[in-house]
$ cat structure-v9.txt   # compact mmCIF, C-alpha atoms
# COMPACT_ATOMS: atom_id res chain seq x y z
CA MET A 199 0.00 0.00 0.00
CA ALA A 200 2.80 2.37 0.90
CA ALA A 201 4.46 1.49 -2.37
CA LEU A 202 1.32 2.47 -4.28
CA VAL A 203 1.11 5.81 -2.49
CA ALA A 204 4.77 6.46 -3.23
CA ALA A 205 4.26 5.55 -6.88
CA GLY A 206 1.27 7.87 -7.10
CA SER A 207 3.22 10.71 -5.56
CA ASP A 208 6.01 10.17 -8.05
CA ALA A 209 3.52 10.23 -10.91
CA VAL A 210 2.03 13.50 -9.72
CA ALA A 211 5.51 14.96 -9.42
CA LEU A 212 6.36 13.86 -12.93
CA VAL A 213 3.17 15.38 -14.33
CA ALA A 214 3.80 18.63 -12.49
CA HIS A 215 7.37 18.65 -13.76
CA GLY A 216 6.14 18.03 -17.28
CA LEU A 217 3.66 20.91 -17.06
CA THR A 218 6.39 23.21 -15.79
CA GLU A 219 8.68 22.25 -18.65
CA HIS A 220 5.84 22.71 -21.13
CA ALA A 221 5.15 26.20 -19.79
CA ALA A 222 8.85 27.01 -19.88
CA ASP A 223 9.20 25.75 -23.45
CA ALA A 224 6.22 27.81 -24.63
CA LEU A 225 8.63 30.66 -25.38
CA PRO A 226 12.04 30.07 -26.96
CA PRO A 227 15.13 31.55 -25.30
CA LEU A 228 15.45 35.27 -25.80
CA THR A 229 17.92 36.10 -28.59
CA TRP A 230 18.32 39.01 -30.98
CA HIS A 231 16.26 37.04 -33.50
CA THR A 232 13.37 36.32 -31.15
CA ALA A 233 13.55 39.88 -29.79
CA LEU A 234 12.67 41.11 -33.28
CA THR A 235 10.31 38.37 -34.41
CA GLN A 236 8.43 37.14 -31.33
CA TRP A 237 4.97 38.74 -31.22
CA GLU A 238 1.82 37.82 -29.32
CA PHE A 239 -1.04 39.70 -30.94
CA ASP A 240 -3.96 40.68 -28.75
CA PRO A 241 -7.09 41.28 -30.87
CA GLY A 242 -8.55 43.77 -28.38
CA ILE A 243 -5.43 45.92 -28.06
CA THR A 244 -4.74 45.76 -31.80
CA ALA A 245 -8.28 46.85 -32.66
CA ALA A 246 -8.16 49.70 -30.13
CA LEU A 247 -4.86 50.99 -31.52
CA ILE A 248 -6.16 50.86 -35.09
CA VAL A 249 -9.27 52.81 -34.10
CA VAL A 250 -7.24 55.45 -32.26
CA ALA A 251 -4.86 55.85 -35.22
CA ALA A 252 -7.78 56.08 -37.66
CA VAL A 253 -9.51 58.77 -35.58
CA TYR A 254 -6.30 60.79 -35.37
CA LEU A 255 -5.71 60.55 -39.13
CA TYR A 256 -9.31 61.56 -39.74
CA GLY A 257 -8.70 64.69 -37.71
CA VAL A 258 -5.54 65.39 -39.72
CA TRP A 259 -7.55 65.03 -42.92
CA ARG A 260 -10.24 67.44 -41.67
CA VAL A 261 -7.63 70.07 -40.83
CA TRP A 262 -6.02 69.61 -44.24
CA ARG A 263 -9.38 69.97 -46.01
CA ALA A 264 -10.23 73.15 -44.12
CA HIS A 265 -6.75 74.74 -44.19
CA ARG A 266 -4.81 73.37 -47.14
CA ALA A 267 -2.30 76.21 -46.92
CA ARG A 268 -1.48 75.27 -43.30
CA PRO A 269 -2.06 71.53 -42.85
CA TRP A 270 -1.40 69.65 -39.63
CA PRO A 271 2.40 69.28 -39.26
CA LEU A 272 3.75 65.96 -40.46
CA ALA A 273 6.13 65.76 -37.50
CA ARG A 274 3.21 65.71 -35.06
CA THR A 275 1.41 63.00 -36.99
CA SER A 276 4.56 60.90 -37.24
CA SER A 277 5.28 61.24 -33.52
CA TYR A 278 1.76 60.21 -32.54
CA LEU A 279 1.67 57.18 -34.84
CA PHE A 280 5.14 56.12 -33.71
CA GLY A 281 3.95 56.38 -30.11
CA LEU A 282 1.11 53.97 -30.93
CA PHE A 283 3.60 51.60 -32.55
CA VAL A 284 5.84 51.65 -29.47
CA LEU A 285 2.75 50.95 -27.37
CA ALA A 286 1.95 47.95 -29.57
CA PHE A 287 5.52 46.69 -29.34
CA ALA A 288 5.61 47.10 -25.55
CA THR A 289 2.41 45.11 -25.05
CA GLN A 290 2.46 42.62 -27.96
CA GLY A 291 6.01 42.49 -29.29
CA SER A 292 8.88 40.60 -27.74
CA VAL A 293 8.82 42.93 -24.72
CA GLY A 294 5.22 41.99 -24.03
CA ALA A 295 5.79 38.34 -24.89
CA TYR A 296 8.67 37.84 -22.46
CA ASP A 297 7.50 40.12 -19.63
CA ASP A 298 5.88 37.16 -17.83
CA VAL A 299 9.07 35.06 -17.81
CA LEU A 300 11.88 37.65 -17.58
CA PHE A 301 11.72 40.39 -14.99
CA TYR A 302 14.14 42.67 -16.81
CA MET A 303 11.92 42.56 -19.91
CA HIS A 304 9.05 43.57 -17.65
CA MET A 305 11.15 46.59 -16.62
CA TRP A 306 11.75 47.53 -20.24
CA GLN A 307 8.00 47.34 -20.78
CA HIS A 308 7.35 49.67 -17.86
CA LEU A 309 9.88 52.22 -19.08
CA LEU A 310 8.40 52.21 -22.57
CA LEU A 311 4.88 52.67 -21.22
CA ILE A 312 5.67 55.42 -18.72
CA MET A 313 8.62 57.30 -20.27
CA VAL A 314 8.56 56.76 -24.05
CA VAL A 315 4.96 56.38 -25.22
CA PRO A 316 3.49 59.40 -23.32
CA PRO A 317 6.03 61.97 -24.65
CA LEU A 318 5.54 60.67 -28.20
CA LEU A 319 1.76 60.95 -27.91
CA LEU A 320 2.04 64.41 -26.35
CA ALA A 321 4.21 65.57 -29.25
CA GLY A 322 1.28 64.69 -31.51
CA ARG A 323 -0.99 67.15 -29.60
CA PRO A 324 -4.19 65.08 -29.95
CA VAL A 325 -6.36 67.51 -27.92
CA THR A 326 -5.20 70.48 -30.01
CA LEU A 327 -5.93 68.49 -33.15
CA LEU A 328 -9.42 67.72 -31.88
CA LEU A 329 -10.05 71.42 -31.30
CA HIS A 330 -8.82 72.30 -34.80
CA ALA A 331 -10.76 69.53 -36.51
CA SER A 332 -14.08 69.78 -34.64
CA LYS A 333 -16.98 72.18 -34.84
CA ASN A 334 -19.63 73.23 -32.36
CA PRO A 335 -21.03 71.85 -30.17
CA LEU A 336 -18.10 69.39 -29.84
CA HIS A 337 -15.51 72.17 -30.06
CA THR A 338 -17.06 74.16 -27.23
CA TRP A 339 -17.58 71.07 -25.11
CA VAL A 340 -13.94 70.01 -25.45
CA LYS A 341 -12.76 73.51 -24.47
CA ARG A 342 -14.95 73.46 -21.38
CA VAL A 343 -13.70 70.04 -20.35
CA VAL A 344 -10.05 70.96 -20.86
CA ARG A 345 -10.45 74.15 -18.81
CA SER A 346 -12.71 72.58 -16.15
CA LYS A 347 -11.76 72.48 -12.48
CA VAL A 348 -11.47 68.70 -12.50
CA VAL A 349 -9.01 68.63 -15.41
CA THR A 350 -7.12 71.58 -13.94
CA ALA A 351 -6.72 69.73 -10.64
CA VAL A 352 -5.74 66.43 -12.26
CA THR A 353 -3.14 68.08 -14.52
CA PHE A 354 -1.55 70.08 -11.68
CA PRO A 355 2.20 69.37 -12.06
CA LEU A 356 2.75 68.05 -8.53
CA VAL A 357 -0.13 65.59 -8.97
CA GLY A 358 1.68 64.09 -11.95
CA VAL A 359 4.95 63.87 -10.01
CA ALA A 360 3.27 62.17 -7.05
CA LEU A 361 1.44 59.72 -9.31
CA TYR A 362 4.62 58.89 -11.21
CA ALA A 363 6.58 58.24 -8.01
CA GLY A 364 3.77 56.24 -6.43
CA VAL A 365 3.31 53.99 -9.46
CA VAL A 366 7.03 53.28 -9.94
CA VAL A 367 7.66 52.47 -6.28
CA GLY A 368 4.32 50.83 -5.55
CA THR A 369 4.42 48.37 -8.45
CA HIS A 370 8.05 47.30 -8.03
CA LEU A 371 8.72 47.20 -4.30
CA THR A 372 5.49 45.52 -3.18
CA GLY A 373 3.69 42.28 -3.95
CA PHE A 374 1.74 43.94 -6.76
CA MET A 375 4.06 42.41 -9.36
CA ASN A 376 3.09 38.89 -8.27
CA VAL A 377 -0.58 39.78 -8.71
CA THR A 378 -0.02 41.01 -12.26
CA LEU A 379 1.79 37.81 -13.17
CA THR A 380 -1.09 35.62 -12.01
CA ASN A 381 -4.04 37.80 -13.04
CA PRO A 382 -4.21 38.93 -16.70
CA SER A 383 -6.89 41.54 -15.97
CA ILE A 384 -4.69 43.22 -13.36
CA HIS A 385 -1.81 43.05 -15.81
CA TYR A 386 -3.84 45.01 -18.37
CA LEU A 387 -4.80 47.47 -15.64
CA GLU A 388 -1.11 47.90 -14.83
CA HIS A 389 -0.40 48.88 -18.44
CA GLY A 390 -3.11 51.53 -18.31
CA LEU A 391 -1.81 52.79 -14.98
CA TYR A 392 1.65 53.35 -16.42
CA LEU A 393 0.31 55.12 -19.48
CA VAL A 394 -1.94 57.47 -17.49
CA SER A 395 0.67 58.30 -14.86
CA GLY A 396 3.31 58.97 -17.52
CA TYR A 397 0.91 61.11 -19.55
CA LEU A 398 -0.11 63.23 -16.56
CA TYR A 399 3.50 63.62 -15.44
CA PHE A 400 4.84 64.77 -18.82
CA LEU A 401 1.80 66.81 -19.88
CA PRO A 402 2.67 70.05 -18.02
CA LEU A 403 6.41 69.48 -18.52
CA ILE A 404 6.76 68.99 -22.27
CA GLY A 405 3.19 69.03 -23.56
CA HIS A 406 1.69 71.91 -25.53
CA GLU A 407 -1.98 71.14 -25.03
CA PRO A 408 -4.38 73.96 -24.04
CA ILE A 409 -4.44 73.18 -20.31
CA ARG A 410 -4.27 75.96 -17.73
CA TRP A 411 -0.83 75.07 -16.39
CA ARG A 412 2.22 76.64 -18.02
CA LEU A 413 5.66 76.09 -16.49
CA THR A 414 8.85 78.10 -16.81
CA TYR A 415 11.98 76.33 -17.95
CA PRO A 416 13.44 76.24 -14.39
CA ALA A 417 10.21 74.71 -13.09
CA GLN A 418 10.22 72.09 -15.84
CA LEU A 419 13.83 71.22 -15.10
CA PHE A 420 13.11 71.00 -11.37
CA LEU A 421 10.24 68.55 -11.87
CA PHE A 422 12.45 66.41 -14.09
CA VAL A 423 15.23 66.35 -11.54
CA ILE A 424 13.06 65.43 -8.55
CA ALA A 425 11.60 62.45 -10.43
CA MET A 426 14.97 60.93 -11.36
CA PRO A 427 15.78 59.70 -7.81
CA VAL A 428 12.59 57.62 -7.89
CA ASP A 429 13.97 55.43 -10.69
CA THR A 430 17.40 55.36 -9.03
CA PHE A 431 16.03 54.34 -5.63
CA THR A 432 13.83 51.61 -7.09
CA GLY A 433 16.62 50.23 -9.24
CA VAL A 434 19.15 50.18 -6.41
CA VAL A 435 16.74 48.37 -4.07
CA LEU A 436 16.10 45.70 -6.72
CA MET A 437 19.81 45.28 -7.35
CA GLN A 438 20.56 44.92 -3.62
CA THR A 439 17.94 42.21 -3.06
CA ASN A 440 19.53 38.75 -2.89
CA HIS A 441 16.42 36.57 -2.79
CA PRO A 442 13.48 36.07 -5.21
CA LEU A 443 11.41 39.16 -4.59
CA PHE A 444 8.64 37.96 -6.93
CA PRO A 445 8.03 34.22 -6.46
CA ALA A 446 5.67 34.13 -9.43
CA TYR A 447 8.71 34.17 -11.73
CA VAL A 448 10.08 30.93 -10.22
CA GLY A 449 9.73 27.92 -12.54
CA ARG A 450 8.47 29.86 -15.57
CA ARG A 451 11.46 28.96 -17.77
CA ASN A 452 14.39 26.57 -17.88
CA TRP A 453 16.78 28.90 -19.71
CA GLY A 454 18.36 32.29 -19.16
CA PRO A 455 19.57 33.89 -15.92
CA SER A 456 18.55 32.78 -12.46
CA VAL A 457 15.62 34.48 -10.79
CA VAL A 458 17.92 36.58 -8.58
CA ASP A 459 20.22 37.54 -11.48
CA ASP A 460 17.14 38.44 -13.50
CA LEU A 461 15.97 40.62 -10.60
CA HIS A 462 19.33 42.41 -10.52
CA ALA A 463 19.23 42.94 -14.28
CA GLY A 464 15.77 44.44 -13.96
CA GLY A 465 17.03 46.80 -11.27
CA GLY A 466 19.84 47.88 -13.58
CA VAL A 467 17.35 48.57 -16.35
CA MET A 468 15.19 50.68 -14.02
CA TRP A 469 18.18 52.61 -12.68
CA ILE A 470 20.45 53.14 -15.69
CA ALA A 471 17.92 53.12 -18.54
CA GLY A 472 15.32 55.04 -16.52
CA ASP A 473 17.72 57.84 -15.59
CA GLY A 474 19.14 57.77 -19.12
CA LEU A 475 15.72 58.30 -20.68
CA MET A 476 14.96 61.08 -18.22
CA PHE A 477 18.28 62.76 -19.01
CA LEU A 478 17.54 62.49 -22.74
CA LEU A 479 14.19 64.21 -22.22
CA ILE A 480 15.95 66.99 -20.27
CA ILE A 481 18.32 67.49 -23.21
CA LEU A 482 15.40 67.64 -25.66
CA LEU A 483 13.69 70.16 -23.38
CA PHE A 484 16.85 72.29 -23.30
CA VAL A 485 17.18 72.15 -27.09
CA GLY A 486 13.57 73.20 -27.51
CA VAL A 487 13.96 76.10 -25.10
CA THR A 488 17.20 77.20 -26.78
CA ARG A 489 15.58 77.25 -30.21
CA ARG A 490 12.84 79.61 -29.13
CA GLY A 491 15.10 81.57 -26.79
CA VAL A 492 15.30 81.23 -23.03
CA GLN A 493 12.72 83.70 -21.81
CA PHE A 494 9.83 84.05 -19.40
CA ASN A 495 7.20 83.76 -22.06
CA ALA A 496 3.50 84.41 -21.76
CA GLY A 497 2.94 80.79 -20.92
CA SER A 498 4.79 80.85 -17.60
CA TRP A 499 3.12 81.26 -14.24
CA LEU A 500 4.71 84.69 -13.73
CA GLU A 501 3.86 85.89 -17.20
CA ALA A 502 0.32 84.55 -16.89
CA VAL A 503 -0.19 86.94 -14.00
CA ARG A 504 1.29 89.77 -16.02
CA THR A 505 -0.88 88.95 -19.03
CA ASN A 506 -4.04 88.86 -16.91
CA ARG A 507 -3.13 92.22 -15.36
CA PHE A 508 -2.51 93.69 -18.76
CA ARG A 509 -5.82 92.34 -19.99
CA GLU A 510 -7.57 94.07 -17.10
CA LEU A 511 -5.75 97.30 -17.98
CA ALA A 512 -6.94 97.03 -21.57
CA GLU A 513 -10.53 96.55 -20.42
CA VAL A 514 -10.31 99.57 -18.08
CA GLN A 515 -8.94 101.74 -20.86
CA ALA A 516 -11.65 100.56 -23.21
CA GLY A 517 -14.27 101.45 -20.61
CA ALA A 518 -12.75 104.88 -20.10
CA ALA A 519 -12.81 105.51 -23.83
CA SER A 520 -16.47 104.54 -24.07
CA SER A 521 -17.35 106.89 -21.17
CA GLY A 522 -15.90 109.93 -22.92
CA ALA A 523 -12.32 109.95 -21.65
CA GLN A 524 -9.66 110.22 -24.36
CA PRO A 525 -6.62 108.18 -23.42
CA ALA A 526 -3.38 108.68 -25.22
CA ALA A 527 -3.21 107.33 -28.72
CA ALA A 528 -0.47 104.95 -27.73
CA ASN A 529 -2.49 103.49 -24.88
CA SER A 530 -5.61 103.12 -27.01
CA ALA A 531 -3.75 101.41 -29.83
CA GLY A 532 -1.97 99.11 -27.42
CA ALA A 533 -5.18 98.20 -25.60
CA ASN A 534 -6.99 97.48 -28.84
CA SER A 535 -4.15 95.32 -30.14
CA VAL A 536 -4.01 93.23 -26.97
CA ARG A 537 -7.78 92.93 -26.72
CA ALA A 538 -7.88 91.70 -30.30
CA SER A 539 -5.10 89.26 -29.54
CA VAL A 540 -6.90 87.90 -26.49
CA VAL A 541 -10.25 87.52 -28.21
CA VAL A 542 -9.23 86.42 -31.68
CA ASP A 543 -5.94 84.61 -31.17
CA ASP A 544 -5.35 82.47 -28.10
CA ASP A 545 -1.74 81.77 -29.04
CA ASP A 546 0.86 82.62 -26.41
CA GLU A 547 3.33 84.07 -28.91
CA ALA A 548 0.70 86.38 -30.37
CA GLN A 549 -0.16 87.66 -26.89
CA LEU A 550 3.51 88.24 -26.12
CA ALA A 551 4.04 90.10 -29.40
CA ALA A 552 1.02 92.31 -28.69
CA TYR A 553 2.30 93.05 -25.21
CA ASN A 554 5.74 94.03 -26.51
CA GLU A 555 4.12 96.24 -29.12
CA TYR A 556 2.12 97.94 -26.41
CA LEU A 557 5.25 98.58 -24.34
CA ALA A 558 6.97 100.03 -27.39
CA ARG A 559 4.09 102.42 -27.91
CA LEU A 560 4.10 103.47 -24.27
CA HIS A 561 7.80 104.26 -24.38
CA GLY A 562 7.65 106.01 -27.71
CA GLY A 563 9.27 103.29 -29.77
CA PRO A 564 9.95 103.58 -33.49
CA GLY A 565 6.83 104.08 -35.49
CA SER A 566 4.64 104.77 -32.43
CA PRO A 567 2.58 107.94 -32.11
CA ALA A 568 4.52 108.93 -29.02
CA GLY A 569 7.82 108.42 -30.83
CA SER A 570 6.59 110.49 -33.78
CA ALA A 571 5.56 113.31 -31.46
CA ARG A 572 9.07 113.50 -30.13
$ encode --input "structure-v9.txt" --output "structure tokens"
Amino acid sequence: MAALVAAGSDAVALVAHGLTEHAADALPPLTWHTALTQWEFDPGITAALIVVAAVYLYGVWRVWRAHRARPWPLARTSSYLFGLFVLAFATQGSVGAYDDVLFYMHMWQHLLLIMVVPPLLLAGRPVTLLLHASKNPLHTWVKRVVRSKVVTAVTFPLVGVALYAGVVVGTHLTGFMNVTLTNPSIHYLEHGLYLVSGYLYFLPLIGHEPIRWRLTYPAQLFLFVIAMPVDTFTGVVLMQTNHPLFPAYVGRRNWGPSVVDDLHAGGGVMWIAGDGLMFLLIILLFVGVTRRGVQFNAGSWLEAVRTNRFRELAEVQAGAASSGAQPAAANSAGANSVRASVVVDDDDEAQLAAYNEYLARLHGGPGSPAGSAR
């Protein structure tokens, strides 16, 4: 009888071992060839990405049809579509295929979703495109939503920083990773969490959408710098851990590095690649600021206050003119130019140009009435 029990136990062990080997052999060892060719298509994600790309291209076509002399920039379209491709590769390409068996591939997936895809999508300016391509009542509704109190609160820069830090630390230094490896629905939710947190973090930093928040270059640089230690801290902790931090990875393959070595490699990816990507974005930010000139433009917090004050001054002068008072010609011309800029053109550069023109008129600049009088 004991012999039968022992034989049964051995059979169960053999079956379990066979299942483990079968699961491990489901994916071939990761090589340069499989990194480029291994894909696991998800019909739902693929369909969603196709729909999003089609809607964006439809908006581009509408802008082109209405303004053929000034079509939607090709660079924005290319950036947005490339962002969707990177999203597809991170979730369905080799990165997405091996994220359940190799921890360091999971780290590459997280970096792509939180630090690469959001900036690429933001460079495409989808909300601005929607405003350009839509008509009322959709146009007005979108403007109200973008400028609503809820969106203003959610897009507050420090909210994005806190969400970014919380997601990076909370998903890597807790048991959440084990849950994602055993529950596909939570795994999908994790992907969305990384995309949203990355989008909200980078939106006020490098985005040019019509939200209320506008940051100066020093403020942008500061928010970049304070987020870098989050990746460094997480990566160092993972590299210093000498035991399997995520047991769900144990027994998922019979090739490649050990579970602990894989954990250390993932920590290196989070630390070195994460800080490297952040540093690259800082360089791109610096190049963009240099091209347009380092200045406190009308989009900054300080200049927003100045612009609002100037707008109030223009309204006061307009009221004085309507009540019979005759302000100086320079003041009247300046007020009218700014008021027209505020009402007709909501572009920051146009407002700044109108403001500078007004100052020139006040100080009797070339071509101004005051300058001519002198």
$ closest_residue --input "structure-v9.txt" --among "A:Val349, A:Val253, A:Val293, A:Met313" --to "Tyr392 (chain A)" --atoms "only C-alpha atoms"
A:Met313
$ residues_around --input "structure-v9.txt" --residues "region 376-384 of chain A" --least-positions-apart "3" --cutoff "9 Å" --atoms "all atoms listed in the file" --output "list in words"
Asp297, Asp298, Thr372, Gly373, Leu387, Glu388, His389, Phe444, Pro445, Ala446 and Tyr447 of chain A
$ atom_distance --input "structure-v9.txt" --atom1 "CA of Ala286 (chain A)" --atom2 "CA of Gln307 (chain A)"
10.7 Å
$ residues_around --input "structure-v9.txt" --residues "Ala321 (chain A)" --least-positions-apart "6" --cutoff "9 Å" --atoms "all atoms listed in the file" --output "PyMOL selection string"
chain A and resi 273-275+277-278+404-406
$ residues_around --input "structure-v9.txt" --residues "region 254-271 of chain A" --least-positions-apart "5" --cutoff "12 Å" --atoms "all atoms listed in the file" --output "ChimeraX atom specification"
/A:247-249,276-279,282,319,321-333
$ axis_aligned_box --input "structure-v9.txt" --around "region 322-336 of chain A" --padding-each-side "4 Å" --output "lines of an AutoDock Vina configuration file"
center_x = -9.9
center_y = 69.0
center_z = -32.2
size_x = 30.3
size_y = 16.5
size_z = 16.6
$ atom_distance --input "structure-v9.txt" --atom1 "CA of Thr488 (chain A)" --atom2 "CA of Trp411 (chain A)"
20.9 Å
$ atom_distance --input "structure-v9.txt" --atom1 "CA of Tyr399 (chain A)" --atom2 "CA of Ala417 (chain A)"
13.2 Å
$ residues_around --input "structure-v9.txt" --residues "Met468 (chain A)" --least-positions-apart "4" --cutoff "9 Å" --atoms "only C-alpha atoms" --output "PDB file with C-alpha atoms, in the coordinates of the input"
ATOM      1  CA  TYR A 302      14.140  42.670 -16.810  1.00  0.00           C
ATOM      2  CA  MET A 305      11.150  46.590 -16.620  1.00  0.00           C
ATOM      3  CA  TRP A 306      11.750  47.530 -20.240  1.00  0.00           C
ATOM      4  CA  HIS A 308       7.350  49.670 -17.860  1.00  0.00           C
ATOM      5  CA  LEU A 309       9.880  52.220 -19.080  1.00  0.00           C
ATOM      6  CA  ASP A 429      13.970  55.430 -10.690  1.00  0.00           C
ATOM      7  CA  THR A 430      17.400  55.360  -9.030  1.00  0.00           C
ATOM      8  CA  THR A 432      13.830  51.610  -7.090  1.00  0.00           C
ATOM      9  CA  GLY A 433      16.620  50.230  -9.240  1.00  0.00           C
ATOM     10  CA  VAL A 434      19.150  50.180  -6.410  1.00  0.00           C
ATOM     11  CA  LEU A 436      16.100  45.700  -6.720  1.00  0.00           C
ATOM     12  CA  ALA A 463      19.230  42.940 -14.280  1.00  0.00           C
ATOM     13  CA  GLY A 464      15.770  44.440 -13.960  1.00  0.00           C
ATOM     14  CA  GLY A 472      15.320  55.040 -16.520  1.00  0.00           C
ATOM     15  CA  ASP A 473      17.720  57.840 -15.590  1.00  0.00           C
TER      16      ASP A 473
END
$ closest_residue --input "structure-v9.txt" --among "A:Val357, A:Arg412, A:Asn334, A:His304" --to "His385 (chain A)" --atoms "all atoms listed in the file"
A:His304
$ closest_residue --input "structure-v9.txt" --among "A:Leu318, A:Leu311, A:Pro226, A:Phe301" --to "Phe280 (chain A)" --atoms "all atoms listed in the file"
A:Leu318
$ closest_residue --input "structure-v9.txt" --among "A:Val485, A:Tyr362, A:Asn440, A:Phe283" --to "Ile424 (chain A)" --atoms "only C-alpha atoms"
A:Tyr362
$ closest_residue --input "structure-v9.txt" --among "A:Leu234, A:Met303, A:Val315, A:Ala351" --to "Gly291 (chain A)" --atoms "only C-alpha atoms"
A:Leu234
$ residues_near_point --input "structure-v9.txt" --point "(10.9, 50.4, -3.5)" --cutoff "7 Å" --atoms "only C-alpha atoms" --output "list of chain:residue names"
A:Val367, A:Gly368, A:His370, A:Leu371, A:Phe431, A:Thr432, A:Val435
$ closest_residue --input "structure-v9.txt" --among "A:Val448, A:Leu483, A:Val348, A:Val365" --to "Phe400 (chain A)" --atoms "all atoms listed in the file"
A:Leu483
$ build_atoms --input "structure-v9.txt" --residues "region 346-358 of chain A" --atoms "N, CA and C atoms" --output "mmCIF file, in the coordinates of the input"
data_model
loop_
_atom_site.group_PDB
_atom_site.id
_atom_site.type_symbol
_atom_site.label_atom_id
_atom_site.label_comp_id
_atom_site.auth_asym_id
_atom_site.auth_seq_id
_atom_site.Cartn_x
_atom_site.Cartn_y
_atom_site.Cartn_z
ATOM 1 N N SER A 346 -11.880 72.814 -17.333
ATOM 2 C CA SER A 346 -12.710 72.580 -16.150
ATOM 3 C C SER A 346 -11.841 72.459 -14.907
ATOM 4 N N LYS A 347 -12.482 72.578 -13.743
ATOM 5 C CA LYS A 347 -11.760 72.480 -12.480
ATOM 6 C C LYS A 347 -11.196 71.091 -12.251
ATOM 7 N N VAL A 348 -11.934 70.079 -12.692
ATOM 8 C CA VAL A 348 -11.470 68.700 -12.500
ATOM 9 C C VAL A 348 -10.185 68.466 -13.291
ATOM 10 N N VAL A 349 -10.189 68.819 -14.575
ATOM 11 C CA VAL A 349 -9.010 68.630 -15.410
ATOM 12 C C VAL A 349 -7.860 69.498 -14.910
ATOM 13 N N THR A 350 -8.165 70.711 -14.479
ATOM 14 C CA THR A 350 -7.120 71.580 -13.940
ATOM 15 C C THR A 350 -6.472 70.971 -12.710
ATOM 16 N N ALA A 351 -7.270 70.360 -11.843
ATOM 17 C CA ALA A 351 -6.720 69.730 -10.640
ATOM 18 C C ALA A 351 -5.918 68.484 -10.981
ATOM 19 N N VAL A 352 -6.430 67.672 -11.910
ATOM 20 C CA VAL A 352 -5.740 66.430 -12.260
ATOM 21 C C VAL A 352 -4.414 66.709 -12.956
ATOM 22 N N THR A 353 -4.362 67.765 -13.764
ATOM 23 C CA THR A 353 -3.140 68.080 -14.520
ATOM 24 C C THR A 353 -2.196 68.991 -13.757
ATOM 25 N N PHE A 354 -2.481 69.279 -12.486
ATOM 26 C CA PHE A 354 -1.550 70.080 -11.680
ATOM 27 C C PHE A 354 -0.208 69.351 -11.643
ATOM 28 N N PRO A 355 0.901 70.049 -11.906
ATOM 29 C CA PRO A 355 2.200 69.370 -12.060
ATOM 30 C C PRO A 355 2.585 68.458 -10.909
ATOM 31 N N LEU A 356 2.345 68.883 -9.668
ATOM 32 C CA LEU A 356 2.750 68.050 -8.530
ATOM 33 C C LEU A 356 1.914 66.787 -8.414
ATOM 34 N N VAL A 357 0.693 66.806 -8.937
ATOM 35 C CA VAL A 357 -0.130 65.590 -8.970
ATOM 36 C C VAL A 357 0.526 64.554 -9.884
ATOM 37 N N GLY A 358 0.999 64.991 -11.041
ATOM 38 C CA GLY A 358 1.680 64.090 -11.950
ATOM 39 C C GLY A 358 2.949 63.506 -11.356
#
